[in-house]
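**Q** This is the structure, below, for whatever I ask next.
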Amino acid sequence: MKPTDIPVYIAHLGTAARAASAAMARAPLAARNAALRELARLLRAEVPALTQINDEDVAAARDSGLQGALVDRLKLTPAIIETVAQGCEQIAAMPDPIGEISELKRQPSGIQVGRMRVPLGVFAMIYESRPNVTIEAASLAIKSGNAAILRGGSEALASNQALGRLVERALALAGLPTEAVQVVATPDRAAVGCLLGLKEHVDVIIPRGGKSLIERVAAEAKMPVIKHLDGNCHVYVDAQVDLAMALKVTDNAKTQKFSPCNAAESLLVHAGQADAFLPRIAALFAAKGVEMRCDGRALAAVRGVPKLKAVPAQESDWSEEYLAPIISVKMVDSLDEAIAHINRYGSHHTDAILTENHAHAMRFLREVDSASVIVNASTRFADGFEYGLGAEIGISTDKFHARGPVGLEGLTSQKWIVLGDGELRA
């Protein structure tokens with residue numbers, strides 16, 4: 001169906017998704033896994049065509065004035081295609097989450113009570129830039145027995161449509177309904193509003209993009225939302241730390257890639273390590289063009305580092321997600337101060353402690369109120385693929401159902417089941 005009448009078109013996608021979700025919920029594991037393996041094969045076979053289409057999207061985005069970080073997220077390189085193909089294969093190799101029965105216990109009445117894991121049904125996803133998300137969302141939908149409606153950004157429309165066609169081919173080759181994954185074929189912004197109101201067909205909606213998009217979805221959606229607003233991720237360098245390790249990890253957390261939501265945006269350094277650590281990390285940042293926005297004590301510690309751009313931090317810097325070569329830096333006097341700062345200014349996404357003190361590491365894990373909390377490793381690991389989920393639908397900072405990278409389990413729910421043999425309630 002062509003998207004000429006947007007409300008009718010979106011309603012049609014919803015009706016088709018609901019019908020497909022019933023077929024997917026009962027689809028054999030072998031068919032779902034076959035679709036994923038076919039998708040991986042097709043992605044590798046179509047690398048030249050996909051990259052050519054994507055190059056045109058990227059060029060058009062640059063010409064339209066799209067910002068650098070968003071252009072970076074838009075790219076679909078051969079390496080990225082290989083990563084998502086591997087993700088499809090990794091998901092295919094995972095155990096089937098659907099139908100799993102857990103916590104089955106016999107009660108005094110004689111009945112057995114437990115829980116069964118089941119698909120959510122239909123999820124819709126609204127996302128910006130990253131066309132690889134199309135494959136990650138599709139592969140997770142297929143394995144988890146759900147149907148999905150995917151609405152990517154207008155800047156990646158051609159790339160997303162090309163990927164969507166490969167998903168359709170993979171589903172058809174596996175004998176599954178092609179409507180199980182539908183990519184919205186219009187850049188018209190009215191499509192977003194229609195999706196947000198499609199509560200009779202969409203069970204949950206997942207926004208993945210800028211803060212304004214996520215705030216709009218959270219405010220207007222008529223169905224539950226899985227979301228995170230910001231990725232203000234922290235690295236805390238503790239008083240007792242291996243300096244060489246701390247330098248490498250901090251550098252990676254900030255500079256391995258500036259645009260992801262799990263890149264470090266804030267650096268906290270214990271006063272006992274500031275003189276040893278700050279000038280050395282500042283030299284690494286200076287070489288890579290990273291600006292440091294520092295409190296007074298941190299600014300004094302890095303003064304004189306050649307070619308470094310260091311400026312006084314403003315109050316707003318402590319809660320900012322830069323997605324750019326900028327990092328806020330604060331000197332703290334204790335672990336307590338570090339935890340309090342992170343819980344006040346952080347976005348509850350991902351935060352890391354670098355320490356040799358086991359007790360401090362355990363306190364940080366318990367007390368930092370974030371979806372992912374890391375000891376002695378880069379915040380850049382907060383990712384579904386790196387966590388062994390195969391792929392992720394997004395990262396949730398909500399505190400119910402799904403939290404952190406949302407993989408297969410996050411796209412399912414549990415229902416209570418009761419097994420009896422004629423028992424009656426007295």
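For the structure tokens, the naming scheme is as follows: chains receive sequential letters (A, B, ...) according to their order of presentation, residues are indexed from 1 within each chain, and ligands are indexed from 1 in presentation order.
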Using DSSP on the backbone coordinates, identify the residues of segment 186-358 of chain A assigned to strand (DSSP E or B); present them as number ranges by chain.

**A** A: 204-208, 225, 233-237, 264-270, 291-294, 310-312, 326-332, 350-354

**Q** Would you mind listing what lies within 8 Å of Ile281 of chain A as JSON, numbers by chain, with only C-alpha atoms counted and same-chain residues fewer than 2 positions away left out?

**A** {"A": [247, 250, 251, 277, 278, 279, 283, 284, 285]}

**Q** Taking only C-alpha atoms into account, which of A:Val217, A:Ile80, A:Leu195, A:Ile326 comes nearest Arg293 of chain A?

**A** A:Ile326

**Q** Counting only C-alpha atoms, what is within 8 Å of segment 75-79 of chain A, bar same-chain residues fewer than 6 positions away, as a PyMOL selection string?

**A** chain A and resi 47+50-51+54-55+58+130-132

**Q** Write out as JSON, numbers by chain which residues come within 9 Å of segment 396-403 of chain A when counting only C-alpha atoms, dropping same-chain ones fewer than 4 positions away.

**A** {"A": [226, 227, 228, 229, 347, 348, 349, 370, 371, 372, 407, 409, 410, 411, 413]}

**Q** Just the residues within 7 Å of Ala170 of chain A, please, counting only C-alpha atoms, with nothing from its chain fewer than 3 positions along; format it as a list in words.

**A**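 Near neighbours after the sequence-gap exclusion: Ala35, Glu38, Leu39, Leu166, Val167, Leu173 and Ala174 of chain A.
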
**Q** Can you work out the spacing between atom CA of Glu168 of chain A and atom CA of Gln414 of chain A in Å, to one decimal?

**A** 28.6 Å

**Q** With only C-alpha atoms as the counted atoms, please give the residues lying no more than 9 Å from Ser139 of chain A, apart from itself and same-chain residues fewer than 4 positions off, as a PyMOL selection string.

**A** chain A and resi 35-36+39+87-88+91-92+134-135+143-144+167+390-391

**Q** Next, the residues of the selection above should be written as a tab-separated table (two decimals), in the first residue's frame with all heavy atoms.

**A**
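Contents of part.tsv, as written:
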```
chain	number	residue	atom	x	y	z
A	35	ALA	N	15.18	-17.48	9.22
A	35	ALA	CA	15.03	-16.11	8.72
A	35	ALA	C	16.23	-15.25	9.10
A	35	ALA	O	16.71	-14.44	8.30
A	35	ALA	CB	13.74	-15.50	9.26
A	36	LEU	N	16.72	-15.42	10.31
A	36	LEU	CA	17.88	-14.65	10.76
A	36	LEU	C	19.14	-15.01	9.98
A	36	LEU	O	19.92	-14.14	9.60
A	36	LEU	CB	18.09	-14.87	12.25
A	36	LEU	CG	17.01	-14.28	13.16
A	36	LEU	CD1	17.18	-14.78	14.58
A	36	LEU	CD2	17.03	-12.76	13.12
A	39	LEU	N	18.87	-13.55	6.57
A	39	LEU	CA	19.10	-12.11	6.62
A	39	LEU	C	20.59	-11.80	6.67
A	39	LEU	O	21.08	-10.90	5.98
A	39	LEU	CB	18.37	-11.50	7.81
A	39	LEU	CG	18.47	-9.98	7.98
A	39	LEU	CD1	18.06	-9.26	6.70
A	39	LEU	CD2	17.61	-9.53	9.15
A	87	GLY	N	25.39	-10.05	14.27
A	87	GLY	CA	24.35	-9.97	15.29
A	87	GLY	C	23.18	-10.88	14.98
A	87	GLY	O	22.64	-11.55	15.87
A	88	CYS	N	22.78	-10.94	13.70
A	88	CYS	CA	21.70	-11.85	13.30
A	88	CYS	C	22.08	-13.29	13.61
A	88	CYS	O	21.25	-14.07	14.14
A	88	CYS	CB	21.42	-11.70	11.81
A	88	CYS	SG	20.70	-10.11	11.32
A	91	ILE	N	22.05	-13.96	17.39
A	91	ILE	CA	20.69	-14.10	17.90
A	91	ILE	C	20.11	-15.46	17.51
A	91	ILE	O	19.44	-16.12	18.29
A	91	ILE	CB	19.80	-12.96	17.40
A	91	ILE	CG1	20.25	-11.63	18.01
A	91	ILE	CG2	18.33	-13.20	17.75
A	91	ILE	CD1	19.59	-10.41	17.41
A	92	ALA	N	20.40	-15.90	16.28
A	92	ALA	CA	19.91	-17.21	15.83
A	92	ALA	C	20.46	-18.34	16.70
A	92	ALA	O	19.79	-19.36	16.90
A	92	ALA	CB	20.30	-17.44	14.37
A	134	THR	N	17.66	-0.60	11.97
A	134	THR	CA	16.61	-1.32	11.24
A	134	THR	C	16.83	-2.83	11.33
A	134	THR	O	15.89	-3.59	11.59
A	134	THR	CB	16.58	-0.87	9.77
A	134	THR	OG1	16.32	0.54	9.72
A	134	THR	CG2	15.52	-1.60	8.98
A	135	ILE	N	18.07	-3.26	11.13
A	135	ILE	CA	18.37	-4.69	11.19
A	135	ILE	C	18.37	-5.20	12.63
A	135	ILE	O	17.87	-6.31	12.90
A	135	ILE	CB	19.73	-4.98	10.52
A	135	ILE	CG1	19.67	-4.59	9.05
A	135	ILE	CG2	20.10	-6.45	10.67
A	135	ILE	CD1	18.62	-5.33	8.24
A	143	LYS	N	13.29	-13.13	16.29
A	143	LYS	CA	13.63	-14.16	17.26
A	143	LYS	C	12.64	-14.19	18.43
A	143	LYS	O	12.30	-15.27	18.94
A	143	LYS	CB	15.04	-13.91	17.80
A	143	LYS	CG	15.52	-14.94	18.82
A	143	LYS	CD	15.86	-16.28	18.18
A	143	LYS	CE	16.45	-17.25	19.19
A	143	LYS	NZ	17.23	-18.31	18.59
A	144	SER	N	12.17	-13.00	18.85
A	144	SER	CA	11.28	-12.95	20.02
A	144	SER	C	9.83	-13.21	19.68
A	144	SER	O	8.97	-13.15	20.56
A	144	SER	CB	11.41	-11.58	20.71
A	144	SER	OG	11.03	-10.53	19.83
A	167	VAL	N	14.91	-7.71	4.72
A	167	VAL	CA	14.20	-8.39	5.81
A	167	VAL	C	12.98	-9.13	5.26
A	167	VAL	O	12.72	-10.29	5.63
A	167	VAL	CB	13.78	-7.39	6.91
A	167	VAL	CG1	12.94	-8.09	7.98
A	167	VAL	CG2	15.01	-6.74	7.55
A	390	GLY	N	23.27	-10.13	21.23
A	390	GLY	CA	23.15	-10.24	19.79
A	390	GLY	C	22.92	-8.89	19.15
A	390	GLY	O	23.57	-8.51	18.19
A	391	ALA	N	22.01	-8.14	19.69
A	391	ALA	CA	21.70	-6.79	19.24
A	391	ALA	C	20.86	-6.15	20.32
A	391	ALA	O	20.49	-6.80	21.31
A	391	ALA	CB	20.95	-6.81	17.91
```

**Q** Just want the 6 Å neighbourhood of Tyr127 of chain A, counted on only C-alpha atoms, with same-chain residues fewer than 5 positions away dropped. Output as JSON, numbers by chain.

**A** {"A": [152, 207, 208, 209]}

**Q** Next, the residues of the selection above should be written as a PDB file, in the first residue's frame with C-alpha atoms.

**A**
```
ATOM      1  CA  GLY A 152      13.465   5.621  10.730  1.00  0.00           C
ATOM      2  CA  PRO A 207      11.887   5.945  20.644  1.00  0.00           C
ATOM      3  CA  ARG A 208      15.612   6.026  19.886  1.00  0.00           C
ATOM      4  CA  GLY A 209      17.127   9.367  19.002  1.00  0.00           C
TER       5      GLY A 209
END
```

**Q** Run DSSP on the backbone and grab whatever in segment 30-162 of chain A lands in helix (DSSP H, G or I); send it over as a ChimeraX atom specification.

**A** /A:30-45,47-63,68-74,78-92,132-143,154-162

**Q** Between atom CA of Thr379 of chain A and atom CA of Ala263 of chain A, what is the distance in Å, rounded to a tenth?

**A**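 Rounded to one decimal, the two atoms are 6.3 Å apart.
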
**Q** From the set A:Phe381, A:Tyr322, A:Phe364, A:Tyr387, which residue has the shortest atom-to-atom contact distance to Gln90 of chain A, counting only C-alpha atoms?

**A**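 Counting only C-alpha atoms, the residue closest to Gln90 of chain A is A:Tyr387.
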
**Q** Which of these residues is nearest to Ala20 of chain A, using only C-alpha atoms: A:Val241, A:Leu163, A:Ala287, A:Ala147?

**A**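 Ranked by minimum distance to Ala20 of chain A, first place goes to A:Ala147.
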